[in-house]
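K.L.:
Structure file entry37.cif, mmCIF, C-alpha atoms, is pasted below:
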data_upload
loop_
_atom_site.group_PDB
_atom_site.id
_atom_site.type_symbol
_atom_site.label_atom_id
_atom_site.label_comp_id
_atom_site.auth_asym_id
_atom_site.auth_seq_id
_atom_site.Cartn_x
_atom_site.Cartn_y
_atom_site.Cartn_z
ATOM 1 C CA MET N 772 52.535 -149.639 8.397
ATOM 2 C CA PRO N 773 52.834 -149.659 4.602
ATOM 3 C CA ASN N 774 51.957 -146.471 2.751
ATOM 4 C CA GLY N 775 51.666 -147.610 -0.893
ATOM 5 C CA LEU N 776 48.831 -149.518 -2.516
ATOM 6 C CA VAL N 777 50.912 -152.533 -3.501
ATOM 7 C CA SER N 778 52.653 -152.758 -0.131
ATOM 8 C CA GLY N 779 49.276 -152.500 1.592
ATOM 9 C CA ILE N 780 47.914 -155.389 -0.470
ATOM 10 C CA VAL N 781 51.000 -157.498 0.271
ATOM 11 C CA PHE N 782 50.772 -156.591 3.959
ATOM 12 C CA ALA N 783 47.110 -157.644 4.048
ATOM 13 C CA LEU N 784 47.496 -160.916 2.118
ATOM 14 C CA THR N 785 50.696 -162.196 3.729
ATOM 15 C CA PRO N 786 49.061 -163.702 6.878
ATOM 16 C CA THR N 787 46.398 -165.468 4.824
ATOM 17 C CA VAL N 788 48.929 -166.918 2.394
ATOM 18 C CA LEU N 789 51.218 -168.046 5.216
ATOM 19 C CA LEU N 790 48.384 -169.724 7.108
ATOM 20 C CA GLY N 791 47.248 -171.389 3.894
ATOM 21 C CA LEU N 792 50.741 -172.772 3.312
ATOM 22 C CA ILE N 793 51.000 -174.027 6.895
ATOM 23 C CA PHE N 794 47.590 -175.695 6.568
ATOM 24 C CA TRP N 795 48.644 -177.281 3.262
ATOM 25 C CA PHE N 796 51.873 -178.688 4.741
ATOM 26 C CA ILE N 797 50.033 -180.108 7.758
ATOM 27 C CA MET N 798 47.323 -181.761 5.636
ATOM 28 C CA ARG N 799 49.955 -183.127 3.262
ATOM 29 C CA ALA N 800 51.845 -184.664 6.190
ATOM 30 C CA ILE N 801 48.657 -186.197 7.607
ATOM 31 C CA ILE N 802 47.640 -187.702 4.265
ATOM 32 C CA ARG N 803 51.111 -189.111 3.623
ATOM 33 C CA ALA N 804 51.276 -190.591 7.120
ATOM 34 C CA ASP N 805 47.862 -192.197 6.633
ATOM 35 C CA ARG N 806 48.905 -193.669 3.295
ATOM 36 C CA THR N 807 52.118 -195.050 4.820
ATOM 37 C CA GLU N 808 50.215 -196.510 7.775
ATOM 38 C CA ARG N 809 47.672 -198.194 5.497
ATOM 39 C CA THR N 810 50.484 -199.709 3.421
ATOM 40 C CA ALA N 811 52.228 -201.039 6.522
ATOM 41 C CA TYR N 812 48.950 -202.426 7.896
ATOM 42 C CA ALA N 813 48.176 -204.178 4.602
ATOM 43 C CA LYS N 814 51.645 -205.720 4.561
ATOM 44 C CA ILE N 815 51.308 -207.001 8.135
ATOM 45 C CA GLU N 816 47.818 -208.343 7.439
ATOM 46 C CA ALA N 817 49.014 -210.188 4.329
ATOM 47 C CA GLU N 818 51.872 -211.731 6.308
ATOM 48 C CA GLU N 819 49.491 -212.835 9.059
ATOM 49 C CA ARG N 820 47.053 -214.345 6.545
ATOM 50 C CA ALA N 821 49.887 -216.243 4.866
ATOM 51 C CA ARG N 822 51.149 -217.503 8.227
ATOM 52 C CA PHE N 823 47.642 -218.584 9.226
ATOM 53 C CA GLU N 824 47.119 -220.434 5.948
ATOM 54 C CA ARG N 825 50.509 -222.149 6.270
ATOM 55 C CA GLU N 826 49.742 -223.279 9.807
ATOM 56 C CA ARG N 827 46.145 -224.336 9.202
ATOM 57 C CA GLY N 828 46.466 -225.464 5.626
ATOM 58 C CA THR N 829 43.253 -223.676 4.669
ATOM 59 C CA THR N 830 42.433 -220.686 2.573
ATOM 60 C CA THR N 831 39.833 -218.147 3.528
ATOM 61 C CA ALA N 832 37.406 -217.436 0.729
ATOM 62 C CA PRO N 833 36.022 -213.924 0.629
ATOM 63 C CA THR N 834 32.335 -213.830 1.437
ATOM 64 C CA SER N 835 29.842 -212.035 -0.693
ATOM 65 C CA GLY N 836 27.524 -209.595 1.031
ATOM 66 C CA GLU N 837 24.385 -211.533 0.103
#
As a first step, turn the structure in this file into structure tokens.

P.N.:
Amino acid sequence: MPNGLVSGIVFALTPTVLLGLIFWFIMRAIIRADRTERTAYAKIEAEERARFERERGTTTAPTSGE
């Protein structure tokens, strides 16, 4: 157990700081994985749309929400 004021403060804050860093790394990994997955999905979807249009010879017009 620490005896000084500064060592007591460090001893008390260390678990909170470490858990905060772990949480930050986990959230960062989740957000990066989501961004990578969305990019891959968009690429696959664009390829499928292009293949569909090549095979059918039609283009799909975006519909307005009206």

K.L.:
Provide the CA of Leu784 in chain N to CA of Ile801 in chain N distance in Å, to one decimal place.

P.N.:
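One can read the CA of Leu784 in chain N to CA of Ile801 in chain N distance as 25.9 Å.
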
K.L.:
Please report, as JSON, the centre and edge lengths in Å to one decimal of an axis-aligned box covering all listed atoms of range 797-809 of chain N with 8 Å per side.

P.N.:
{"center_x": 49.7, "center_y": -189.2, "center_z": 5.5, "size_x": 20.8, "size_y": 34.1, "size_z": 20.5}

K.L.:
Just to confirm, what's the straight-line distance from CA of Glu824 in chain N to CA of Tyr812 in chain N in Å (one decimal)?

P.N.:
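Separating CA of Glu824 in chain N from CA of Tyr812 in chain N is a distance of 18.2 Å.
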
K.L.:
Please report the interatomic distance between CA of Arg799 in chain N and CA of Ala811 in chain N in Å with one decimal.

P.N.:
18.3 Å
